[in-house]
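Shown below: data.pdb, with PDB, C-alpha atoms and all ligand atoms.
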ATOM      1  CA  MET A  30       0.000   0.000   0.000
ATOM      2  CA  THR A  31       1.385   3.430  -0.890
ATOM      3  CA  ARG A  32       1.824   6.089   1.760
ATOM      4  CA  GLN A  33      -0.982   8.126   0.204
ATOM      5  CA  ARG A  34      -3.363   5.208   0.216
ATOM      6  CA  GLN A  35      -2.515   4.327   3.824
ATOM      7  CA  LEU A  36      -3.118   7.918   4.902
ATOM      8  CA  ILE A  37      -6.503   8.065   3.172
ATOM      9  CA  TYR A  38      -7.517   4.737   4.625
ATOM     10  CA  ASN A  39      -6.463   5.855   8.124
ATOM     11  CA  ILE A  40      -8.584   9.007   7.885
ATOM     12  CA  ILE A  41     -11.663   6.943   7.071
ATOM     13  CA  ALA A  42     -10.911   4.207   9.605
ATOM     14  CA  ALA A  43     -10.149   6.610  12.465
ATOM     15  CA  ALA A  44     -13.631   8.063  12.910
ATOM     16  CA  PRO A  45     -17.235   6.955  12.574
ATOM     17  CA  GLU A  46     -18.048   9.971  10.370
ATOM     18  CA  HIS A  47     -18.967   9.161   6.806
ATOM     19  CA  ARG A  48     -16.901  11.782   5.076
ATOM     20  CA  THR A  49     -17.055  13.071   1.525
ATOM     21  CA  ALA A  50     -14.042  12.926  -0.795
ATOM     22  CA  GLU A  51     -13.521  16.679  -0.336
ATOM     23  CA  GLU A  52     -13.501  16.358   3.449
ATOM     24  CA  ILE A  53     -11.029  13.484   3.199
ATOM     25  CA  TYR A  54      -8.909  15.534   0.813
ATOM     26  CA  ASP A  55      -8.758  18.459   3.275
ATOM     27  CA  LEU A  56      -7.774  16.180   6.168
ATOM     28  CA  ALA A  57      -5.196  14.319   4.080
ATOM     29  CA  ARG A  58      -3.598  17.545   2.890
ATOM     30  CA  ALA A  59      -3.121  18.672   6.468
ATOM     31  CA  GLU A  60      -0.841  15.622   6.850
ATOM     32  CA  MET A  61       0.655  15.569   3.376
ATOM     33  CA  PRO A  62       0.493  19.051   1.835
ATOM     34  CA  SER A  63       1.781  17.904  -1.563
ATOM     35  CA  LEU A  64      -1.146  15.547  -2.050
ATOM     36  CA  ALA A  65      -3.150  16.202  -5.224
ATOM     37  CA  ARG A  66      -6.941  16.039  -5.288
ATOM     38  CA  GLY A  67      -6.796  13.495  -8.129
ATOM     39  CA  THR A  68      -4.612  11.198  -6.025
ATOM     40  CA  VAL A  69      -7.192  11.230  -3.239
ATOM     41  CA  TYR A  70     -10.048  10.411  -5.629
ATOM     42  CA  ARG A  71      -8.037   7.674  -7.339
ATOM     43  CA  ASN A  72      -7.083   6.036  -4.041
ATOM     44  CA  LEU A  73     -10.655   6.209  -2.756
ATOM     45  CA  GLY A  74     -11.687   4.322  -5.890
ATOM     46  CA  LEU A  75      -9.012   1.684  -5.294
ATOM     47  CA  LEU A  76      -9.962   1.235  -1.627
ATOM     48  CA  VAL A  77     -13.612   0.727  -2.625
ATOM     49  CA  ARG A  78     -12.647  -1.655  -5.420
ATOM     50  CA  ASP A  79     -10.558  -3.727  -3.009
ATOM     51  CA  GLY A  80     -13.385  -3.849  -0.473
ATOM     52  CA  GLU A  81     -11.487  -2.001   2.256
ATOM     53  CA  ILE A  82     -14.089   0.754   2.549
ATOM     54  CA  ARG A  83     -17.625   1.238   1.258
ATOM     55  CA  LYS A  84     -18.866   4.051  -0.914
ATOM     56  CA  LEU A  85     -22.243   5.411   0.049
ATOM     57  CA  GLU A  86     -24.037   7.081  -2.856
ATOM     58  CA  MET A  87     -26.199   9.998  -1.734
ATOM     59  CA  ALA A  88     -29.176  11.597  -3.489
ATOM     60  CA  ASP A  89     -28.233  15.066  -4.821
ATOM     61  CA  ALA A  90     -25.049  15.186  -2.715
ATOM     62  CA  PRO A  91     -21.463  13.952  -2.923
ATOM     63  CA  ALA A  92     -20.855  10.279  -2.066
ATOM     64  CA  ARG A  93     -19.554   9.459   1.400
ATOM     65  CA  TYR A  94     -17.075   6.826   2.508
ATOM     66  CA  ASP A  95     -17.671   4.266   5.252
ATOM     67  CA  ARG A  96     -15.173   2.163   7.193
ATOM     68  CA  GLU A  97     -17.869  -0.343   8.177
ATOM     69  CA  ARG A  98     -18.231  -2.829   5.360
ATOM     70  CA  SER A  99     -21.009  -5.084   6.596
ATOM     71  CA  PRO A 100     -24.528  -3.942   5.654
ATOM     72  CA  HIS A 101     -26.118  -1.517   8.138
ATOM     73  CA  PRO A 102     -28.809   1.171   7.936
ATOM     74  CA  HIS A 103     -27.852   4.847   7.753
ATOM     75  CA  LEU A 104     -29.521   7.813   9.367
ATOM     76  CA  VAL A 105     -29.175  10.865   7.123
ATOM     77  CA  CYS A 106     -29.901  14.494   8.051
ATOM     78  CA  GLN A 107     -31.916  15.905   5.189
ATOM     79  CA  VAL A 108     -30.659  19.423   5.910
ATOM     80  CA  CYS A 109     -26.875  19.143   6.371
ATOM     81  CA  GLY A 110     -26.363  15.639   4.941
ATOM     82  CA  ARG A 111     -24.651  14.279   8.045
ATOM     83  CA  VAL A 112     -24.689  10.475   8.074
ATOM     84  CA  GLU A 113     -24.685   8.187  11.113
ATOM     85  CA  ASP A 114     -24.794   4.426  11.443
ATOM     86  CA  LEU A 115     -27.906   2.847  12.867
ATOM     87  CA  PRO A 116     -27.944  -0.630  14.346
ATOM     88  CA  ALA A 117     -30.170  -2.914  12.287
ATOM     89  CA  PRO A 118     -33.157  -4.336  14.160
ATOM     90  CA  ASP A 119     -32.896  -8.077  14.732
ATOM     91  CA  GLY A 120     -34.232 -10.106  11.838
ATOM     92  CA  LEU A 121     -34.302  -7.211   9.363
ATOM     93  CA  MET A 122     -32.766  -9.143   6.478
ATOM     94  CA  GLU A 123     -34.635 -12.325   7.342
ATOM     95  CA  GLY A 124     -37.939 -10.420   7.393
ATOM     96  CA  PHE A 125     -37.433  -9.001   3.914
ATOM     97  CA  ALA A 126     -36.059 -12.279   2.575
ATOM     98  CA  ALA A 127     -39.033 -14.238   3.896
ATOM     99  CA  ALA A 128     -41.474 -11.788   2.284
ATOM    100  CA  ARG A 129     -40.242 -12.770  -1.191
ATOM    101  CA  GLY A 130     -38.684 -16.159  -0.529
ATOM    102  CA  VAL A 131     -35.285 -14.971  -1.759
ATOM    103  CA  ALA A 132     -31.792 -15.155  -0.292
ATOM    104  CA  LEU A 133     -30.638 -11.562   0.172
ATOM    105  CA  THR A 134     -26.960 -10.765  -0.169
ATOM    106  CA  GLY A 135     -27.063  -7.234   1.254
ATOM    107  CA  TYR A 136     -29.017  -4.001   1.404
ATOM    108  CA  ASP A 137     -28.657  -0.262   1.211
ATOM    109  CA  LEU A 138     -31.058   1.455   3.594
ATOM    110  CA  LYS A 139     -31.181   5.175   4.369
ATOM    111  CA  LEU A 140     -33.540   6.737   6.869
ATOM    112  CA  TYR A 141     -33.959  10.509   6.944
ATOM    113  CA  HIS A 142     -34.383  12.981   9.768
ATOM    114  CA  VAL A 143     -33.346  16.503  10.788
ATOM    115  CA  CYS A 144     -30.341  16.214  13.100
ATOM    116  CA  PRO A 145     -30.333  18.010  16.483
ATOM    117  CA  ALA A 146     -27.918  20.717  15.276
ATOM    118  CA  CYS A 147     -30.122  21.541  12.278
ATOM    119  CA  ARG A 148     -33.297  21.383  14.340
ATOM    120  CA  GLY A 149     -31.759  23.922  16.718
ATOM    121  CA  LYS A 150     -30.978  26.306  13.852
ATOM    122  CA  ARG A 151     -34.442  26.000  12.407
ATOM    123  CA  HIS A 152     -36.071  27.087  15.641
ATOM    124  CA  GLY A 153     -33.610  29.941  16.048
ATOM    125  CA  ALA A 154     -32.043  28.413  19.163
TER     126      ALA A 154
HETATM  127 ZN    ZN A 201     -28.170  18.298  10.089
HETATM  128 ZN    ZN A 202     -22.091   3.427   7.820
END
Structure re-expressed in structure tokens:
Amino acid sequence: MTRQRQLIYNIIAAAPEHRTAEEIYDLARAEMPSLARGTVYRNLGLLVRDGEIRKLEMADAPARYDRERSPHPHLVCQVCGRVEDLPAPDGLMEGFAAARGVALTGYDLKLYHVCPACRGKRHGA
């Protein structure tokens, strides 16, 4: 693994935040000022391809990157786009699989809310 790739992986693995490529680029440049934006994007693609991180496609917003590779639901703030992991209720996959009699291999589930910080702003707090 190159130094650049290790650095990018470490940024994603170090925190539960699901960061965008631009956020990762800013953090990586703080460590390695010579790093080019294209290098960050290319390495993110390689890490996803090799299954070391997951790419989370967002509606009308930049994709985010996730260190947790097993399927889990996401809680998304519809105002600021912040993404958190949610624990899956027991039997979630089994329930859906039983409904159609199929063997599911994974899922991509996003649930939307307005996060506490955005709720505070909205009410002028
Ligand atoms: Zn928010
Ligand atoms: Zn996640």
Using only C-alpha atoms and all ligand atoms, which residues have at least one atom no more than 7 Å from ligand ZN 202 (chain A)? Output them as a VMD selection string. chain A and resid 47 95 97 101 103 113 to 114
When distances are computed from all atoms listed in the file, which of A:Leu85, A:Ala117, A:Val69, A:Val108 shows the smallest separation from Cys144 (chain A)?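 Of all the options, A:Val108 lies closest to Cys144 (chain A).
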So what does the PyMOL selection byres (((chain A and resi 145) around 12) and not hetatm) actually pick up in this one, as a ChimeraX atom specification? /A:105-109,111,142-144,146-152,154
Output C-alpha atoms for every residue in that selection, as a tab-separated table (two decimals), in the coordinates of the input.
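Heads up, here's the output in out.tsv:
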chain	number	residue	atom	x	y	z
A	105	VAL	CA	-29.18	10.86	7.12
A	106	CYS	CA	-29.90	14.49	8.05
A	107	GLN	CA	-31.92	15.90	5.19
A	108	VAL	CA	-30.66	19.42	5.91
A	109	CYS	CA	-26.88	19.14	6.37
A	111	ARG	CA	-24.65	14.28	8.04
A	142	HIS	CA	-34.38	12.98	9.77
A	143	VAL	CA	-33.35	16.50	10.79
A	144	CYS	CA	-30.34	16.21	13.10
A	146	ALA	CA	-27.92	20.72	15.28
A	147	CYS	CA	-30.12	21.54	12.28
A	148	ARG	CA	-33.30	21.38	14.34
A	149	GLY	CA	-31.76	23.92	16.72
A	150	LYS	CA	-30.98	26.31	13.85
A	151	ARG	CA	-34.44	26.00	12.41
A	152	HIS	CA	-36.07	27.09	15.64
A	154	ALA	CA	-32.04	28.41	19.16
Selection in question (the file shown): the PyMOL selection byres (((chain A and resi 31) around 12) and not hetatm). Which residues does it include, as a list in words? Met30, Arg32, Gln33, Arg34, Gln35, Leu36, Ile37, Tyr38, Thr68, Val69, Asn72, Leu75 and Leu76 of chain A
Residues near region 129-139 of chain A, anyone? I mean within 7 Å using all atoms listed in the file, not counting same-chain ones fewer than 2 positions away, as a PyMOL selection string. chain A and resi 100+102-105+125-127+141
With the PyMOL selection byres (((chain A and resi 53) around 12) and not hetatm) as the selection, what would be picked from this file? Answer as a PyMOL selection string, please. chain A and resi 33-34+36-44+46-52+54-61+64-66+68-70+72-73+92-95
Between CA of Ala88 (chain A) and CA of Pro116 (chain A), what distance in Å does the model show, to one decimal?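 Pair CA of Ala88 (chain A) / CA of Pro116 (chain A) returns 21.7 Å.
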Would you please work out which residue, of A:Leu140, A:Leu115, A:Gly110, A:Leu121, is nearest to ligand ZN 201 (chain A) when using only C-alpha atoms and all ligand atoms?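 Using only C-alpha atoms and all ligand atoms, the shortest distance to ligand ZN 201 (chain A) belongs to A:Gly110.
Between CA of Arg78 (chain A) and CA of Arg98 (chain A) the separation is 12.2 Å.
Counting from CA of Pro62 (chain A), the distance to CA of Ile82 (chain A) is 23.4 Å.
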Provide an axis-aligned box for all listed atoms of region 74-79 of chain A, padding each side by 8 Å; report its centre and its edge lengths in Å to one decimal, as AutoDock Vina command-line options.
--center_x -11.3 --center_y 0.3 --center_z -3.8 --size_x 20.6 --size_y 24.0 --size_z 20.3
